[in-house]
Amino acid sequence: MKKIIATLFLAIINGANAQVIIGGPTGSTNINTSVLLDFATGQNKGIILPYVRTIPTAPTEGTILLDASTPLTSRVKYYAGAVKGWVDLSGQNANLNSSTVLANFATEQPASITELANSKAIIGATSSSADGVLVLESTTKAMILPIVADVQNILSPSPGMMVYVNKAGAKRLAVYNGAKWSFWKP
């Protein structure tokens, strides 16, 4: 009897779908079985990409980050694979030398702390071979970016912020490199 109950319980858990919503009880879409990660609506906030001082040499395809390896020419980039390499999403440089965010980043990391290579948060699976801070591991589900009506509504954007602008006639991806917003139409 215990084996039957355990088998039924595992079958139910295996068939369950989960949608993680950050920032509130309701996300930008109704409960959707094709969504792994969603954000609360009406928050005028974005997701902040990791800042890196050294560009990874063999990143996982789809990696998105703020390249601060040269603070005078910082840009948001994504890795499109070995053939295309790193693709610039900013289209313009930002001088992050004077950025308090990056200055704090540099001073807050004690030299005695080392990063564990396999430390990461994984959503959608119990493990992943992909490197990253946040790994969304699914072949059938995706993340919905934080949605804003206008980037002007974000009072103090942080370098590396990314949002989706849902504005009549101007729906697009927006990334902030620390100096200016750049926009990408679908």
# chains A, B, ... in the order shown; residues from 1 in each chain; ligands from 1

$ residues_around --residues "Pro71 in chain A" --least-positions-apart "3" --cutoff "8 Å" --atoms "only C-alpha atoms" --output "list in words"
Ala68, Ser74, Ala94, Asn95, Leu96 and Asn97 of chain A

$ residues_around --residues "range 133-150 of chain A" --least-positions-apart "3" --cutoff "9 Å" --atoms "only C-alpha atoms" --output "NGL selection string"
:A and (28-29 or 33-47 or 50 or 119-128 or 130 or 153-154 or 162-168 or 173)

$ atom_distance --atom1 "CA of Ser182 in chain A" --atom2 "CA of Ser90 in chain A"
5.4 Å
